[in-house]
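Heads up, structure.cif below (mmCIF, C-alpha atoms):
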```
data_run
#
loop_
_atom_site.label_atom_id
_atom_site.label_comp_id
_atom_site.auth_asym_id
_atom_site.auth_seq_id
_atom_site.Cartn_x
_atom_site.Cartn_y
_atom_site.Cartn_z
CA MET H 1 -26.61 -3.63 -4.95
CA GLN H 2 -27.89 -0.11 -5.54
CA SER H 3 -25.47 2.22 -7.33
CA LEU H 4 -23.56 4.76 -5.23
CA PRO H 5 -22.18 8.13 -6.34
CA ALA H 6 -18.59 7.95 -7.58
CA TYR H 7 -17.08 9.90 -4.67
CA LEU H 8 -19.39 8.93 -1.84
CA PRO H 9 -18.46 10.63 1.45
CA VAL H 10 -17.92 8.09 4.22
CA GLY H 11 -20.85 7.73 6.53
CA ARG H 12 -23.58 8.52 3.98
CA LEU H 13 -26.08 5.96 2.74
CA VAL H 14 -24.74 3.42 5.24
CA GLY H 15 -28.12 1.83 5.79
CA MET H 16 -28.59 1.42 2.04
CA VAL H 17 -25.41 -0.60 1.61
CA LEU H 18 -25.36 -2.51 4.90
CA ASP H 19 -27.78 -5.28 3.92
CA ALA H 20 -26.11 -5.72 0.53
CA ASP H 21 -22.69 -5.90 2.17
CA MET H 22 -23.84 -8.54 4.64
CA ALA H 23 -25.35 -10.63 1.87
CA LEU H 24 -22.23 -10.37 -0.27
CA LEU H 25 -19.85 -11.22 2.59
CA ALA H 26 -21.99 -14.23 3.50
CA GLU H 27 -21.84 -15.48 -0.09
CA LEU H 28 -18.08 -14.91 -0.16
CA GLU H 29 -17.48 -16.69 3.16
CA PRO H 30 -16.46 -20.07 1.63
CA GLU H 31 -13.92 -18.31 -0.58
CA ALA H 32 -12.62 -16.38 2.44
CA GLU H 33 -12.16 -19.69 4.26
CA ARG H 34 -10.30 -21.18 1.31
CA LEU H 35 -8.01 -18.19 0.86
CA LEU H 36 -7.36 -18.01 4.61
CA GLU H 37 -6.25 -21.64 4.65
CA ASN H 38 -4.08 -20.97 1.62
CA HIS H 39 -2.57 -18.01 3.45
CA TYR H 40 -1.69 -20.16 6.47
CA ALA H 41 -0.13 -22.76 4.19
CA SER H 42 1.95 -20.30 2.15
CA THR H 43 3.29 -17.99 4.87
CA LYS H 44 6.28 -18.64 7.11
CA GLU H 45 6.78 -17.64 10.72
CA TRP H 46 9.36 -14.92 11.29
CA HIS H 47 10.53 -12.84 14.24
CA PRO H 48 11.47 -9.15 14.13
CA HIS H 49 14.20 -9.49 16.76
CA THR H 50 16.24 -11.83 14.53
CA LEU H 51 16.52 -9.24 11.75
CA VAL H 52 17.60 -6.20 13.77
CA PRO H 53 21.40 -5.58 14.02
CA TRP H 54 21.40 -5.03 17.78
CA SER H 55 25.20 -4.97 18.10
CA ARG H 56 25.29 -1.67 16.22
CA GLY H 57 23.23 0.12 18.86
CA ARG H 58 24.31 2.44 21.67
CA ASP H 59 22.67 4.65 24.27
CA PHE H 60 21.22 8.05 23.41
CA GLU H 61 22.73 10.72 25.63
CA PRO H 62 20.35 13.24 27.25
CA ASP H 63 21.61 16.08 25.03
CA TYR H 64 21.65 13.97 21.86
CA GLU H 65 20.80 15.73 18.59
CA TRP H 66 20.56 13.74 15.40
CA SER H 67 22.65 14.58 12.33
CA PRO H 68 22.30 13.22 8.77
CA GLU H 69 26.00 12.35 8.88
CA GLU H 70 25.17 9.49 11.25
CA SER H 71 23.64 7.50 8.39
CA ASN H 72 24.54 6.73 4.80
CA VAL H 73 20.84 6.62 3.86
CA SER H 74 19.92 9.17 1.18
CA PRO H 75 17.28 11.85 1.91
CA GLU H 76 14.88 10.18 -0.55
CA VAL H 77 15.20 6.80 1.16
CA ARG H 78 14.78 8.48 4.55
CA SER H 79 11.51 9.95 3.26
CA ALA H 80 10.39 6.50 2.17
CA LEU H 81 11.32 4.91 5.49
CA PHE H 82 9.61 7.73 7.39
CA VAL H 83 6.39 7.34 5.39
CA ASN H 84 6.51 3.54 5.37
CA LEU H 85 6.91 3.32 9.14
CA LEU H 86 4.32 5.95 10.06
CA THR H 87 1.87 4.31 7.68
CA GLU H 88 2.36 1.01 9.50
CA ASP H 89 1.93 2.81 12.84
CA ASN H 90 -1.68 3.64 11.99
CA LEU H 91 -2.63 -0.04 12.32
CA PRO H 92 -5.25 0.49 15.07
CA TYR H 93 -7.33 2.59 12.70
CA TYR H 94 -6.92 0.15 9.82
CA PHE H 95 -8.08 -2.67 12.09
CA ARG H 96 -11.12 -0.64 13.14
CA ASP H 97 -12.21 -0.08 9.57
CA ILE H 98 -11.31 -3.51 8.21
CA GLU H 99 -13.35 -5.11 10.99
CA ARG H 100 -16.18 -2.67 10.30
CA MET H 101 -16.20 -3.65 6.63
CA PHE H 102 -15.76 -7.41 6.95
CA GLY H 103 -17.04 -8.26 10.42
CA LYS H 104 -15.61 -10.07 13.44
CA ASP H 105 -17.12 -13.53 12.98
CA GLY H 106 -16.23 -16.60 10.93
CA ALA H 107 -13.47 -16.66 8.35
CA TRP H 108 -13.72 -12.91 7.82
CA GLY H 109 -13.10 -12.16 11.47
CA GLU H 110 -10.26 -14.66 11.65
CA TRP H 111 -8.65 -13.06 8.59
CA VAL H 112 -8.96 -9.57 10.05
CA ARG H 113 -7.23 -10.64 13.26
CA ARG H 114 -4.51 -12.59 11.47
CA TRP H 115 -3.87 -9.67 9.10
CA THR H 116 -3.63 -7.30 12.05
CA ALA H 117 -1.16 -9.54 13.90
CA GLU H 118 1.07 -9.83 10.84
CA GLU H 119 0.93 -6.11 10.08
CA GLY H 120 1.89 -5.32 13.67
CA ARG H 121 5.35 -6.81 13.10
CA HIS H 122 6.14 -4.29 10.39
CA ALA H 123 6.21 -1.17 12.55
CA THR H 124 8.13 -3.10 15.22
CA VAL H 125 10.97 -4.28 13.00
CA ILE H 126 11.31 -1.08 10.95
CA ARG H 127 11.36 1.17 14.03
CA GLU H 128 13.90 -0.98 15.83
CA TYR H 129 16.14 -0.96 12.77
CA LEU H 130 15.89 2.81 12.33
CA THR H 131 16.56 3.40 16.02
CA ILE H 132 19.57 1.10 16.15
CA THR H 133 21.14 2.48 12.97
CA ARG H 134 20.08 6.11 13.61
CA ALA H 135 19.02 6.37 9.98
CA ILE H 136 16.30 8.91 10.87
CA ASP H 137 16.03 11.57 13.55
CA PRO H 138 14.25 9.68 16.38
CA VAL H 139 12.65 12.87 17.68
CA GLU H 140 11.15 13.72 14.28
CA LEU H 141 10.00 10.12 13.96
CA GLU H 142 8.23 10.12 17.32
CA ARG H 143 6.63 13.49 16.71
CA GLY H 144 5.43 12.20 13.34
CA ARG H 145 3.97 9.11 14.98
CA MET H 146 2.09 11.19 17.52
CA ALA H 147 0.71 13.47 14.82
CA GLN H 148 -0.22 10.58 12.55
CA MET H 149 -2.00 8.56 15.21
CA GLY H 150 -3.50 11.64 16.83
CA GLY H 151 -5.17 12.50 13.54
CA GLY H 152 -6.37 8.96 12.87
CA LYS H 153 -6.78 9.70 9.18
CA VAL H 154 -7.26 6.61 7.04
CA PRO H 155 -9.17 5.79 3.83
CA GLU H 156 -12.72 4.64 4.58
CA PRO H 157 -14.24 2.80 1.61
CA PRO H 158 -18.06 3.04 1.74
CA THR H 159 -18.89 -0.60 0.86
CA ALA H 160 -17.37 -4.04 1.27
CA ILE H 161 -16.58 -4.25 -2.46
CA ASP H 162 -14.96 -0.82 -2.33
CA GLY H 163 -12.90 -2.11 0.58
CA LEU H 164 -11.75 -5.20 -1.30
CA VAL H 165 -10.75 -3.15 -4.34
CA TYR H 166 -8.99 -0.47 -2.30
CA VAL H 167 -6.99 -2.79 -0.06
CA THR H 168 -5.89 -4.80 -3.10
CA LEU H 169 -4.44 -1.69 -4.71
CA GLN H 170 -3.02 -0.42 -1.42
CA GLU H 171 -1.37 -3.66 -0.32
CA LEU H 172 0.33 -4.06 -3.68
CA ALA H 173 1.44 -0.41 -3.67
CA THR H 174 2.85 -0.89 -0.17
CA ARG H 175 4.69 -4.04 -1.21
CA ILE H 176 6.28 -2.18 -4.13
CA SER H 177 7.29 0.75 -1.94
CA HIS H 178 8.80 -1.43 0.79
CA ARG H 179 10.72 -3.58 -1.67
CA ASN H 180 12.08 -0.64 -3.67
CA THR H 181 13.04 1.18 -0.48
CA GLY H 182 15.00 -1.84 0.71
CA ALA H 183 16.80 -2.10 -2.63
CA MET H 184 18.08 1.46 -2.13
CA ILE H 185 19.43 0.87 1.39
CA ASP H 186 23.17 0.21 1.27
CA ASP H 187 22.97 -2.14 4.22
CA ARG H 188 22.19 -5.85 4.16
CA ALA H 189 20.20 -5.73 7.40
CA GLY H 190 17.99 -2.93 6.11
CA TYR H 191 17.51 -4.70 2.79
CA ASP H 192 16.52 -7.94 4.51
CA ILE H 193 14.03 -6.20 6.78
CA MET H 194 12.25 -4.38 3.98
CA ARG H 195 12.24 -7.51 1.85
CA ARG H 196 10.67 -9.51 4.69
CA VAL H 197 7.99 -6.88 5.23
CA ALA H 198 7.30 -6.75 1.48
CA ILE H 199 6.77 -10.52 1.43
CA ASP H 200 4.06 -10.16 4.10
CA GLU H 201 2.42 -7.39 2.11
CA ASN H 202 2.43 -9.58 -0.99
CA HIS H 203 0.58 -12.37 0.81
CA HIS H 204 -2.01 -9.84 1.98
CA PHE H 205 -2.34 -8.44 -1.53
CA LEU H 206 -2.99 -11.91 -2.95
CA PHE H 207 -5.80 -12.57 -0.46
CA TYR H 208 -7.56 -9.31 -1.27
CA ARG H 209 -6.93 -9.56 -5.02
CA ASP H 210 -8.57 -12.98 -5.17
CA MET H 211 -11.44 -11.95 -2.89
CA ALA H 212 -12.16 -8.99 -5.16
CA LYS H 213 -12.12 -11.35 -8.14
CA ALA H 214 -14.69 -13.56 -6.42
CA ALA H 215 -16.85 -10.52 -5.69
CA LEU H 216 -16.66 -9.57 -9.38
CA GLU H 217 -18.13 -12.93 -10.31
CA ILE H 218 -21.03 -12.48 -7.88
CA ASP H 219 -21.89 -8.84 -8.52
CA PRO H 220 -19.91 -7.48 -11.48
CA SER H 221 -21.81 -4.21 -11.75
CA SER H 222 -21.29 -3.16 -8.14
CA ALA H 223 -17.65 -4.24 -8.35
CA VAL H 224 -17.02 -2.17 -11.48
CA GLU H 225 -18.60 0.89 -9.89
CA ALA H 226 -16.39 0.32 -6.85
CA MET H 227 -13.38 0.04 -9.16
CA GLU H 228 -14.11 3.47 -10.57
CA ARG H 229 -14.37 5.03 -7.13
CA GLN H 230 -11.21 3.40 -5.83
CA VAL H 231 -9.02 3.56 -8.95
CA VAL H 232 -9.82 7.16 -9.81
CA GLY H 233 -9.81 8.35 -6.21
CA PHE H 234 -6.89 6.18 -5.02
CA ALA H 235 -4.64 7.63 -2.34
CA MET H 236 -2.08 5.92 -0.14
CA PRO H 237 -3.05 5.71 3.54
CA GLY H 238 -0.20 8.01 4.64
CA GLU H 239 -1.97 11.26 3.87
CA GLY H 240 -2.16 12.13 7.57
CA ILE H 241 1.63 12.00 7.94
CA PRO H 242 3.29 15.39 8.52
CA ASP H 243 4.67 16.84 5.26
CA PHE H 244 3.31 13.84 3.38
CA SER H 245 3.19 15.65 0.03
CA ALA H 246 6.86 16.64 0.22
CA HIS H 247 7.88 13.12 1.19
CA ALA H 248 5.72 11.64 -1.58
CA LYS H 249 7.42 13.88 -4.15
CA ALA H 250 10.86 12.79 -2.94
CA ILE H 251 9.81 9.14 -3.06
CA ALA H 252 8.48 9.54 -6.60
CA ALA H 253 11.57 11.45 -7.77
CA ALA H 254 13.77 8.61 -6.54
CA GLY H 255 11.70 6.05 -8.47
CA ILE H 256 10.65 4.24 -5.30
CA TYR H 257 6.96 4.69 -6.01
CA ASP H 258 5.42 6.93 -8.65
CA LEU H 259 2.67 6.92 -11.26
CA SER H 260 4.85 4.87 -13.59
CA ALA H 261 5.05 2.06 -11.02
CA HIS H 262 1.36 2.49 -10.20
CA TYR H 263 0.36 1.97 -13.82
CA GLU H 264 2.88 -0.72 -14.79
CA GLN H 265 2.58 -2.86 -11.65
CA ILE H 266 -1.00 -2.24 -10.49
CA LEU H 267 -3.45 -0.70 -12.95
CA GLU H 268 -2.40 -2.63 -16.04
CA PRO H 269 -1.68 -6.11 -14.59
CA ILE H 270 -4.38 -6.18 -11.90
CA VAL H 271 -7.29 -3.97 -12.96
CA LEU H 272 -7.07 -4.51 -16.71
CA ARG H 273 -5.69 -8.06 -16.90
CA PHE H 274 -6.38 -10.01 -13.71
CA TRP H 275 -9.79 -8.49 -13.01
CA ASP H 276 -10.27 -8.24 -16.80
CA LEU H 277 -12.15 -4.96 -16.60
CA PRO H 278 -12.40 -4.39 -20.40
CA ASN H 279 -14.10 -7.76 -21.02
CA LEU H 280 -16.55 -8.11 -18.13
CA GLU H 281 -20.07 -8.99 -19.18
CA GLY H 282 -23.55 -8.53 -17.79
CA LEU H 283 -23.05 -4.96 -16.57
CA THR H 284 -25.82 -2.48 -15.86
CA GLY H 285 -25.89 0.79 -17.78
CA GLU H 286 -24.37 2.63 -14.82
CA ALA H 287 -21.62 0.06 -14.48
CA GLU H 288 -20.87 0.19 -18.19
CA GLN H 289 -20.37 3.94 -17.93
CA ALA H 290 -18.19 3.44 -14.86
CA ARG H 291 -16.07 0.95 -16.80
CA GLU H 292 -15.61 3.40 -19.68
CA ARG H 293 -14.54 6.18 -17.31
CA THR H 294 -12.16 3.90 -15.44
CA ILE H 295 -10.51 2.63 -18.62
CA ALA H 296 -10.18 6.22 -19.87
CA TYR H 297 -8.52 7.17 -16.58
CA ILE H 298 -6.13 4.23 -16.80
CA GLU H 299 -5.26 5.13 -20.38
CA LYS H 300 -4.48 8.68 -19.27
CA SER H 301 -2.33 7.23 -16.48
CA ARG H 302 -0.47 5.15 -19.07
CA ARG H 303 0.42 8.23 -21.09
CA VAL H 304 1.64 10.10 -18.03
CA ALA H 305 3.59 7.03 -16.85
CA GLU H 306 5.33 6.77 -20.21
CA ARG H 307 6.40 10.41 -20.03
CA ILE H 308 7.72 9.92 -16.49
CA LYS H 309 9.64 6.82 -17.53
CA ALA H 310 11.10 8.55 -20.58
CA ARG H 311 12.28 11.51 -18.52
CA ARG H 312 13.89 9.21 -15.96
CA GLU H 313 15.68 7.20 -18.63
CA LYS H 314 16.93 10.40 -20.28
CA ALA H 315 18.21 11.69 -16.94
CA GLU H 316 19.99 8.39 -16.26
CA VAL H 317 21.70 8.49 -19.65
CA ALA H 318 22.81 12.07 -19.04
CA ALA H 319 24.11 11.17 -15.59
CA ASN H 320 26.04 8.19 -16.95
CA GLU H 321 27.55 10.27 -19.73
CA GLY H 322 28.58 12.92 -17.24
CA ALA H 323 30.24 10.30 -15.05
CA ALA H 324 32.12 8.66 -17.93
CA PRO H 325 35.91 9.17 -17.92
CA ALA H 326 37.33 11.49 -20.54
CA THR H 327 38.91 9.85 -23.55
CA THR H 328 41.96 10.94 -25.48
CA ALA H 329 42.60 10.75 -29.17
#
```
How would this structure read if it were set down as structure tokens?
Amino acid sequence: MQSLPAYLPVGRLVGMVLDADMALLAELEPEAERLLENHYASTKEWHPHTLVPWSRGRDFEPDYEWSPEESNVSPEVRSALFVNLLTEDNLPYYFRDIERMFGKDGAWGEWVRRWTAEEGRHATVIREYLTITRAIDPVELERGRMAQMGGGKVPEPPTAIDGLVYVTLQELATRISHRNTGAMIDDRAGYDIMRRVAIDENHHFLFYRDMAKAALEIDPSSAVEAMERQVVGFAMPGEGIPDFSAHAKAIAAAGIYDLSAHYEQILEPIVLRFWDLPNLEGLTGEAEQARERTIAYIEKSRRVAERIKARREKAEVAANEGAAPATTA
């Protein structure tokens, strides 16, 4: 596959990569079939309506105005739930681009449709829970959904390998965010819902992680160049959400998802160890340079992650000392 610039704008050089993408996807088809069958065998059927605490619901009066006092969810967790749900709401655009990248036929097409059906449950169950418990202002939530879907902003990886790398990172990041959000909800129903959604995301992550690994074995140079583009330029798919930056800062400050988690749970175990980026062989000169830049970026991320972790641990110690009862001589 011909090398692409590191930050290729979507829509450029499409003809150049199309034939290479089709050839790669055809070669990967048997692995897609195997991983799809493994997915069917390892996943369990579940139903959103069984997880929602319906008995806690009541009608919304015409003059209803939401107040934070209606919920014991912290502002940081509300930010996470807001972002998590509106990210899931953008599913039609994800489906469009996933199908564009991987096609609608054979095992690839079957995977795309299955993935879409499973992802569709996430917005359903989270929204029903938030509406029933009034954890978030329903008017703000609906306005956010309209803005998010009206913008239709989603990441658009330029090649199939870019897509496999990006969705691997994104699905794992989403799993981490959902699971950590649930752990901070002081409500068993909310915890169970976010845990169930995180389990789905983990199954999706495993499919994409292993597909990317198979692509590495077929075309290591193109895969490494894609790694550079997607690792260095990584962004969560919620950028189109209103006030996304402010919500992201609150989420990071709460330790739900930040650069420390990104390095410790994604970059180091997946990119460096599972995909074995430092030890790949047979790379072109361009790919070798891409590897060096990617490893340098990950090393920089490690240093920043360590500083973030140290500051958080120091703050926790200070908070615990401040909460300790006074002692007498």
- Picked residues, the PyMOL selection byres ((chain H and resi 242) around 12), as JSON, numbers by chain: {"H": [79, 82, 83, 86, 87, 140, 141, 142, 143, 144, 145, 146, 147, 148, 149, 150, 151, 153, 238, 239, 240, 241, 243, 244, 245, 246, 247, 248]}
Specify as a PDB file with C-alpha atoms, keeping the file's coordinate frame each residue included when the PyMOL selection byres ((chain H and resi 294) around 12) is applied to this file.
```
ATOM      1  CA  ALA H   6     -18.590   7.950  -7.580  1.00  0.00           C
ATOM      2  CA  VAL H 224     -17.020  -2.170 -11.480  1.00  0.00           C
ATOM      3  CA  GLU H 225     -18.600   0.890  -9.890  1.00  0.00           C
ATOM      4  CA  ALA H 226     -16.390   0.320  -6.850  1.00  0.00           C
ATOM      5  CA  MET H 227     -13.380   0.040  -9.160  1.00  0.00           C
ATOM      6  CA  GLU H 228     -14.110   3.470 -10.570  1.00  0.00           C
ATOM      7  CA  ARG H 229     -14.370   5.030  -7.130  1.00  0.00           C
ATOM      8  CA  GLN H 230     -11.210   3.400  -5.830  1.00  0.00           C
ATOM      9  CA  VAL H 231      -9.020   3.560  -8.950  1.00  0.00           C
ATOM     10  CA  VAL H 232      -9.820   7.160  -9.810  1.00  0.00           C
ATOM     11  CA  GLY H 233      -9.810   8.350  -6.210  1.00  0.00           C
ATOM     12  CA  PHE H 234      -6.890   6.180  -5.020  1.00  0.00           C
ATOM     13  CA  LEU H 267      -3.450  -0.700 -12.950  1.00  0.00           C
ATOM     14  CA  GLU H 268      -2.400  -2.630 -16.040  1.00  0.00           C
ATOM     15  CA  VAL H 271      -7.290  -3.970 -12.960  1.00  0.00           C
ATOM     16  CA  LEU H 272      -7.070  -4.510 -16.710  1.00  0.00           C
ATOM     17  CA  LEU H 277     -12.150  -4.960 -16.600  1.00  0.00           C
ATOM     18  CA  PRO H 278     -12.400  -4.390 -20.400  1.00  0.00           C
ATOM     19  CA  ALA H 287     -21.620   0.060 -14.480  1.00  0.00           C
ATOM     20  CA  GLU H 288     -20.870   0.190 -18.190  1.00  0.00           C
ATOM     21  CA  GLN H 289     -20.370   3.940 -17.930  1.00  0.00           C
ATOM     22  CA  ALA H 290     -18.190   3.440 -14.860  1.00  0.00           C
ATOM     23  CA  ARG H 291     -16.070   0.950 -16.800  1.00  0.00           C
ATOM     24  CA  GLU H 292     -15.610   3.400 -19.680  1.00  0.00           C
ATOM     25  CA  ARG H 293     -14.540   6.180 -17.310  1.00  0.00           C
ATOM     26  CA  ILE H 295     -10.510   2.630 -18.620  1.00  0.00           C
ATOM     27  CA  ALA H 296     -10.180   6.220 -19.870  1.00  0.00           C
ATOM     28  CA  TYR H 297      -8.520   7.170 -16.580  1.00  0.00           C
ATOM     29  CA  ILE H 298      -6.130   4.230 -16.800  1.00  0.00           C
ATOM     30  CA  GLU H 299      -5.260   5.130 -20.380  1.00  0.00           C
ATOM     31  CA  LYS H 300      -4.480   8.680 -19.270  1.00  0.00           C
ATOM     32  CA  SER H 301      -2.330   7.230 -16.480  1.00  0.00           C
TER      33      SER H 301
END
```
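Put simply, CA of Ala215 in chain H is 8.6 Å away from CA of Leu164 in chain H.
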- Item | Computed interatomic separation between CA of His49 in chain H and CA of Gly120 in chain H (Å) |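 Atom-to-atom, CA of His49 in chain H to CA of Gly120 in chain H, that is 13.4 Å.
Note that the spacing between CA of Tyr191 in chain H and CA of Arg312 in chain H amounts to 23.6 Å.
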